[in-house]
file coords.txt (compact mmCIF, C-alpha atoms)
# COMPACT_ATOMS: atom_id res chain seq x y z
CA PRO P 290 -100.82 -37.29 -65.70
CA GLU P 291 -99.21 -40.57 -64.63
CA ALA P 292 -98.82 -41.71 -68.24
CA ALA P 293 -97.41 -38.34 -69.32
CA SER P 294 -94.99 -38.40 -66.40
CA GLY P 295 -93.83 -41.86 -67.46
CA VAL P 296 -93.24 -40.70 -71.02
CA LEU P 297 -91.20 -37.75 -69.76
CA GLU P 298 -89.12 -39.99 -67.51
CA TYR P 299 -88.49 -42.40 -70.40
CA ALA P 300 -87.44 -39.54 -72.69
CA MET P 301 -85.04 -38.17 -70.08
CA LYS P 302 -83.49 -41.60 -69.60
CA HIS P 303 -83.05 -42.45 -73.30
CA PHE P 304 -82.45 -39.00 -74.79
CA GLY P 305 -79.77 -37.48 -72.62
CA GLU P 306 -79.58 -34.19 -74.54
CA LEU P 307 -83.30 -33.49 -74.18
CA GLU P 308 -83.89 -29.99 -72.81
CA ILE P 309 -86.32 -30.17 -69.91
CA HIS P 310 -88.79 -27.31 -69.60
CA ALA P 311 -90.08 -26.43 -66.13
CA THR P 312 -93.55 -25.87 -67.58
CA TRP P 313 -93.74 -29.59 -68.40
CA TYR P 314 -93.53 -30.38 -64.71
CA GLU P 315 -96.10 -27.66 -64.00
CA LYS P 316 -98.62 -29.28 -66.33
CA LEU P 317 -98.00 -32.60 -64.60
CA HIS P 318 -98.46 -30.88 -61.20
CA GLU P 319 -95.01 -32.09 -60.17
CA TRP P 320 -94.27 -28.88 -58.33
CA GLU P 321 -91.09 -29.90 -56.52
CA ASP P 322 -89.42 -30.88 -59.81
CA ALA P 323 -90.75 -27.74 -61.49
CA LEU P 324 -89.30 -25.56 -58.74
CA VAL P 325 -85.89 -27.23 -59.07
CA ALA P 326 -85.98 -26.67 -62.84
CA TYR P 327 -86.90 -22.99 -62.41
CA ASP P 328 -84.18 -22.46 -59.80
CA LYS P 329 -81.56 -23.84 -62.20
CA LYS P 330 -82.69 -21.51 -64.97
CA ILE P 331 -82.84 -18.49 -62.66
CA ASP P 332 -79.21 -19.04 -61.70
CA MET P 333 -78.37 -18.26 -65.33
CA ASN P 334 -80.92 -15.47 -65.84
CA LYS P 335 -81.99 -13.79 -62.61
CA ASP P 336 -83.97 -11.00 -64.30
CA ASP P 337 -86.36 -13.11 -66.41
CA PRO P 338 -89.88 -12.29 -65.12
CA GLU P 339 -91.34 -15.53 -66.48
CA LEU P 340 -88.86 -17.57 -64.45
CA ILE P 341 -89.58 -15.49 -61.34
CA LEU P 342 -93.33 -15.99 -61.76
CA GLY P 343 -92.80 -19.69 -62.43
CA CYS P 344 -90.96 -20.09 -59.12
CA MET P 345 -93.74 -18.26 -57.31
CA ILE P 346 -96.42 -20.45 -58.87
CA CYS P 347 -94.56 -23.52 -57.60
CA LEU P 348 -94.15 -22.08 -54.11
CA GLU P 349 -97.86 -21.26 -53.99
CA ALA P 350 -98.82 -24.77 -55.10
CA LEU P 351 -96.49 -26.26 -52.47
CA GLY P 352 -97.92 -24.02 -49.74
CA GLU P 353 -94.51 -22.49 -48.98
CA TRP P 354 -96.02 -19.20 -47.85
CA GLY P 355 -92.96 -17.82 -46.07
CA GLN P 356 -90.69 -18.31 -49.08
CA LEU P 357 -93.36 -16.97 -51.42
CA HIS P 358 -93.84 -13.81 -49.37
CA GLN P 359 -90.09 -13.27 -49.11
CA GLN P 360 -89.66 -13.61 -52.86
CA CYS P 361 -92.53 -11.19 -53.50
CA CYS P 362 -90.87 -8.62 -51.23
CA GLU P 363 -87.49 -9.06 -52.90
CA GLU P 364 -88.72 -8.92 -56.49
CA TRP P 365 -91.59 -6.42 -56.34
CA THR P 366 -89.63 -3.23 -56.98
CA LEU P 367 -87.46 -4.91 -59.62
CA VAL P 368 -90.19 -6.00 -62.04
CA SER P 369 -92.59 -4.22 -64.40
CA GLU P 370 -96.16 -3.22 -63.51
CA GLU P 371 -97.45 -6.02 -65.71
CA THR P 372 -95.44 -8.58 -63.74
CA GLN P 373 -96.52 -6.96 -60.46
CA ALA P 374 -100.14 -7.46 -61.47
CA LYS P 375 -99.48 -11.18 -61.97
CA MET P 376 -97.58 -11.39 -58.69
CA ALA P 377 -100.33 -9.69 -56.68
CA ARG P 378 -102.58 -12.75 -56.53
CA MET P 379 -99.74 -14.92 -55.23
CA ALA P 380 -98.73 -12.24 -52.73
CA ALA P 381 -102.31 -12.26 -51.47
CA ALA P 382 -102.19 -16.06 -51.23
CA ALA P 383 -99.01 -15.79 -49.14
CA ALA P 384 -100.75 -13.32 -46.82
CA TRP P 385 -103.66 -15.70 -46.36
CA GLY P 386 -101.31 -18.59 -45.74
CA LEU P 387 -99.27 -16.64 -43.19
CA ALA P 388 -102.43 -15.17 -41.63
CA THR P 389 -100.69 -11.96 -40.64
CA GLY P 390 -102.03 -8.43 -40.81
CA THR P 391 -98.54 -7.03 -41.43
CA VAL P 392 -98.35 -8.86 -44.75
CA TRP P 393 -101.77 -7.56 -45.74
CA LYS P 394 -100.63 -3.99 -45.07
CA SER P 395 -97.69 -4.54 -47.43
CA ILE P 396 -99.98 -5.87 -50.16
CA LEU P 397 -102.39 -2.97 -49.72
CA ALA P 398 -99.47 -0.57 -50.17
CA TRP P 399 -98.39 -2.47 -53.29
CA SER P 400 -101.91 -2.45 -54.71
CA GLN P 401 -102.10 1.34 -54.53
CA GLU P 402 -99.05 1.51 -56.79
CA THR P 403 -100.30 -1.15 -59.23
CA PRO P 404 -103.25 -0.19 -61.46
CA MET P 405 -103.18 -3.52 -63.34
CA MET P 406 -104.49 -6.39 -61.24
CA GLU P 407 -106.63 -9.50 -61.66
CA PRO P 408 -110.26 -8.73 -60.71
CA PHE P 409 -110.39 -11.36 -57.97
CA THR P 410 -107.21 -10.15 -56.29
CA GLY P 411 -108.43 -6.59 -56.50
CA GLN P 412 -111.68 -7.49 -54.79
CA CYS P 413 -109.89 -9.39 -52.02
CA LEU P 414 -107.85 -6.28 -51.31
CA LEU P 415 -111.01 -4.21 -51.52
CA TYR P 416 -112.53 -6.50 -48.88
CA ILE P 417 -109.73 -5.56 -46.52
CA ARG P 418 -109.68 -1.87 -47.40
CA ILE P 419 -113.32 -0.75 -47.34
CA SER P 420 -116.53 -1.45 -45.46
CA SER P 421 -118.72 -4.35 -46.51
CA HIS P 422 -121.78 -2.40 -47.68
CA TRP P 423 -119.61 -0.66 -50.30
CA LEU P 424 -118.15 -3.98 -51.39
CA ASN P 425 -121.49 -5.47 -52.44
CA SER P 426 -121.84 -3.05 -55.34
CA ALA P 427 -118.12 -3.05 -56.11
CA LEU P 428 -118.15 -6.79 -56.84
CA THR P 429 -120.54 -6.56 -59.78
CA LYS P 430 -118.15 -5.55 -62.58
CA PRO P 431 -115.43 -8.16 -61.93
CA GLU P 432 -118.08 -10.88 -61.70
CA THR P 433 -119.36 -9.86 -65.12
CA TYR P 434 -115.79 -9.86 -66.41
CA TRP P 435 -115.21 -13.42 -65.23
CA MET P 436 -118.49 -14.63 -66.72
CA LEU P 437 -117.52 -13.20 -70.09
CA SER P 438 -114.02 -14.67 -69.80
CA SER P 439 -115.27 -18.14 -68.91
CA THR P 440 -117.79 -18.10 -71.78
CA ALA P 441 -115.05 -17.17 -74.25
CA MET P 442 -112.68 -19.82 -72.89
CA ALA P 443 -115.35 -22.51 -73.07
CA GLY P 444 -115.19 -22.21 -76.84
CA GLU P 445 -111.47 -22.97 -76.76
CA SER P 446 -111.14 -25.87 -74.32
CA TYR P 447 -112.80 -27.35 -71.25
CA SER P 448 -109.66 -27.12 -69.13
CA ARG P 449 -109.27 -23.38 -69.73
CA ALA P 450 -112.96 -22.77 -69.07
CA TYR P 451 -112.82 -24.79 -65.85
CA GLY P 452 -110.01 -22.61 -64.49
CA ALA P 453 -112.08 -19.50 -65.19
CA MET P 454 -115.11 -21.07 -63.52
CA VAL P 455 -113.06 -21.75 -60.38
CA SER P 456 -112.20 -18.05 -60.32
CA CYS P 457 -115.91 -17.25 -60.74
CA GLN P 458 -116.70 -19.51 -57.81
CA MET P 459 -114.08 -17.78 -55.67
CA LEU P 460 -115.51 -14.38 -56.52
CA SER P 461 -119.04 -15.56 -55.78
CA GLU P 462 -117.93 -17.02 -52.45
CA LEU P 463 -116.25 -13.74 -51.59
CA GLU P 464 -119.73 -12.20 -51.73
CA GLU P 465 -120.97 -15.03 -49.51
CA VAL P 466 -118.13 -14.28 -47.10
CA ILE P 467 -119.65 -10.81 -46.66
CA GLN P 468 -123.07 -12.35 -45.99
CA TYR P 469 -121.53 -14.80 -43.54
CA LYS P 470 -119.93 -11.94 -41.64
CA LEU P 471 -123.00 -9.68 -41.63
CA VAL P 472 -125.89 -12.15 -41.27
CA PRO P 473 -125.24 -14.72 -38.50
CA GLY P 474 -128.56 -16.44 -39.21
CA ARG P 475 -127.36 -17.55 -42.65
CA ARG P 476 -124.06 -19.05 -41.53
CA ASP P 477 -125.19 -22.67 -41.27
CA ILE P 478 -126.82 -22.49 -44.71
CA ILE P 479 -123.73 -20.93 -46.29
CA ARG P 480 -121.40 -23.50 -44.73
CA GLU P 481 -123.51 -26.40 -45.98
CA THR P 482 -123.70 -24.80 -49.43
CA TRP P 483 -119.93 -24.46 -49.48
CA TRP P 484 -119.50 -28.13 -48.53
CA GLU P 485 -121.88 -29.35 -51.25
CA ARG P 486 -120.30 -27.06 -53.84
CA LEU P 487 -116.82 -28.32 -53.04
CA GLN P 488 -117.93 -31.91 -53.69
CA GLY P 489 -118.70 -30.88 -57.28
CA CYS P 490 -115.19 -29.53 -57.88
CA GLN P 491 -112.54 -31.59 -59.61
CA ARG P 492 -110.08 -33.24 -57.26
CA ILE P 493 -107.31 -30.76 -58.00
CA VAL P 494 -105.28 -29.71 -54.96
CA GLU P 495 -104.50 -26.21 -56.26
CA ASP P 496 -108.17 -25.39 -56.91
CA TRP P 497 -109.28 -26.61 -53.50
CA GLN P 498 -106.45 -24.64 -51.90
CA ARG P 499 -107.57 -21.39 -53.55
CA ILE P 500 -111.23 -21.92 -52.67
CA LEU P 501 -110.51 -22.75 -49.03
CA MET P 502 -108.35 -19.66 -48.70
CA VAL P 503 -111.34 -17.46 -49.55
CA ARG P 504 -113.46 -19.21 -46.94
CA SER P 505 -110.71 -18.88 -44.35
CA LEU P 506 -111.47 -15.15 -44.24
CA VAL P 507 -114.38 -16.03 -41.94
CA ILE P 508 -113.95 -19.73 -41.01
CA SER P 509 -110.76 -21.13 -39.51
CA PRO P 510 -109.68 -24.72 -40.25
CA HIS P 511 -110.55 -25.65 -36.65
CA GLU P 512 -114.13 -24.48 -37.25
CA ASP P 513 -114.44 -26.47 -40.48
CA MET P 514 -112.60 -29.71 -39.71
CA ARG P 515 -114.67 -31.80 -42.14
CA THR P 516 -113.59 -29.76 -45.16
CA TRP P 517 -109.94 -29.43 -44.18
CA LEU P 518 -109.61 -33.14 -43.40
CA LYS P 519 -111.04 -33.84 -46.85
CA TYR P 520 -108.50 -31.44 -48.33
CA ALA P 521 -105.65 -33.09 -46.41
CA SER P 522 -106.81 -36.47 -47.70
CA LEU P 523 -106.82 -35.11 -51.26
CA CYS P 524 -103.27 -33.81 -50.79
CA GLY P 525 -102.15 -37.23 -49.59
CA LYS P 526 -103.80 -39.08 -52.48
CA SER P 527 -102.20 -36.63 -54.92
CA GLY P 528 -98.72 -37.30 -53.56
CA ARG P 529 -98.52 -33.93 -51.81
CA ILE P 530 -97.48 -35.40 -48.47
CA ALA P 531 -95.74 -32.25 -47.19
CA LEU P 532 -98.81 -30.12 -47.89
CA ALA P 533 -101.07 -32.71 -46.24
CA HIS P 534 -98.81 -32.60 -43.18
CA LYS P 535 -98.93 -28.79 -43.05
CA THR P 536 -102.71 -28.88 -43.26
CA LEU P 537 -103.04 -31.33 -40.39
CA VAL P 538 -100.56 -29.62 -38.07

call {"tool": "encode", "arguments": {"input": "coords.txt", "output": "structure tokens"}}
result
Amino acid sequence: PEAASGVLEYAMKHFGELEIHATWYEKLHEWEDALVAYDKKIDMNKDDPELILGCMICLEALGEWGQLHQQCCEEWTLVSEETQAKMARMAAAAAWGLATGTVWKSILAWSQETPMMEPFTGQCLLYIRISSHWLNSALTKPETYWMLSSTAMAGESYSRAYGAMVSCQMLSELEEVIQYKLVPGRRDIIRETWWERLQGCQRIVEDWQRILMVRSLVISPHEDMRTWLKYASLCGKSGRIALAHKTLV
């Protein structure tokens, strides 16, 4: 990423007419610059769903939950069902980040109007909506879906397959969240398993953020200081100082 970022900076300096695409910054995980680029484009085309989603992706990566939730509320009724389905996951992330039941109620209302939704997001909403013994059987189909998706993506590229596997891990840990809540005797085992599993993940801030959000359904950062301090350290080493600060305070 550092080399690619240097090439981009060189090109911008020596080729003044070069059109900069926000997605370039996304791929480099330079989320602040990506957000600025998206904001400039949105000023010229406020109704482009791809630009709206791009802004939301940046806000999610930066941990700007208040802004993300506000944008979801403002844009939800103005976009298509297909775009709503893509927004739902980020709206759920904002709810987790804000840790407020009011936001969850809004998302549950949205989900009833939106038949198209990523399996993981759907199951998170299902977790809130129905009792846990129903959820155990309800999780089976989406898990199968993700396994098939990750197998197909593995044939295309490692990076795409890895993203799908992170989603598989999140879905699997959502099942473990149910066990954690229902079986107190297994809590220490599950927590240690989660810690060991996280050590095998790539050091990518966004992936760790998503995984820890699932776990936060049953474990607060104060109850899992070791993991959250490790996450804050990762944010700092990745140049995400603001996110590291938010995590620590």

call {"tool": "residues_around", "arguments": {"input": "coords.txt", "residues": "Tyr469 (chain P)", "least_positions_apart": "6", "cutoff": "8 Å", "atoms": "all atoms listed in the file", "output": "ChimeraX atom specification"}}
result
/P:475-476,479,507

call {"tool": "atom_distance", "arguments": {"input": "coords.txt", "atom1": "CA of Arg499 (chain P)", "atom2": "CA of Thr516 (chain P)"}}
result
13.3 Å

call {"tool": "atom_distance", "arguments": {"input": "coords.txt", "atom1": "CA of Lys535 (chain P)", "atom2": "CA of Gln360 (chain P)"}}
result
20.3 Å

call {"tool": "atom_distance", "arguments": {"input": "coords.txt", "atom1": "CA of Val466 (chain P)", "atom2": "CA of Ala350 (chain P)"}}
result
23.4 Å

call {"tool": "closest_residue", "arguments": {"input": "coords.txt", "among": "P:Ser369, P:Ala381, P:Leu501, P:Leu463", "to": "Leu357 (chain P)", "atoms": "only C-alpha atoms"}}
result
P:Ala381

call {"tool": "residues_around", "arguments": {"input": "coords.txt", "residues": "Tyr314 (chain P)", "least_positions_apart": "4", "cutoff": "9 Å", "atoms": "all atoms listed in the file", "output": "ChimeraX atom specification"}}
result
/P:294,309-310,318-324,326

call {"tool": "write_last_selection", "arguments": {"input": "coords.txt", "atoms": "C-alpha atoms", "output": "mmCIF file, keeping the file's coordinate frame"}}
result
data_model
loop_
_atom_site.group_PDB
_atom_site.id
_atom_site.type_symbol
_atom_site.label_atom_id
_atom_site.label_comp_id
_atom_site.auth_asym_id
_atom_site.auth_seq_id
_atom_site.Cartn_x
_atom_site.Cartn_y
_atom_site.Cartn_z
ATOM 1 C CA SER P 294 -94.990 -38.400 -66.400
ATOM 2 C CA ILE P 309 -86.320 -30.170 -69.910
ATOM 3 C CA HIS P 310 -88.790 -27.310 -69.600
ATOM 4 C CA HIS P 318 -98.460 -30.880 -61.200
ATOM 5 C CA GLU P 319 -95.010 -32.090 -60.170
ATOM 6 C CA TRP P 320 -94.270 -28.880 -58.330
ATOM 7 C CA GLU P 321 -91.090 -29.900 -56.520
ATOM 8 C CA ASP P 322 -89.420 -30.880 -59.810
ATOM 9 C CA ALA P 323 -90.750 -27.740 -61.490
ATOM 10 C CA LEU P 324 -89.300 -25.560 -58.740
ATOM 11 C CA ALA P 326 -85.980 -26.670 -62.840
#

call {"tool": "closest_residue", "arguments": {"input": "coords.txt", "among": "P:Met376, P:Cys362, P:Ile331, P:Leu523", "to": "Ile346 (chain P)", "atoms": "only C-alpha atoms"}}
result
P:Met376

call {"tool": "closest_residue", "arguments": {"input": "coords.txt", "among": "P:Arg504, P:Lys316, P:Lys329, P:Arg480", "to": "Ile341 (chain P)", "atoms": "all atoms listed in the file"}}
result
P:Lys329
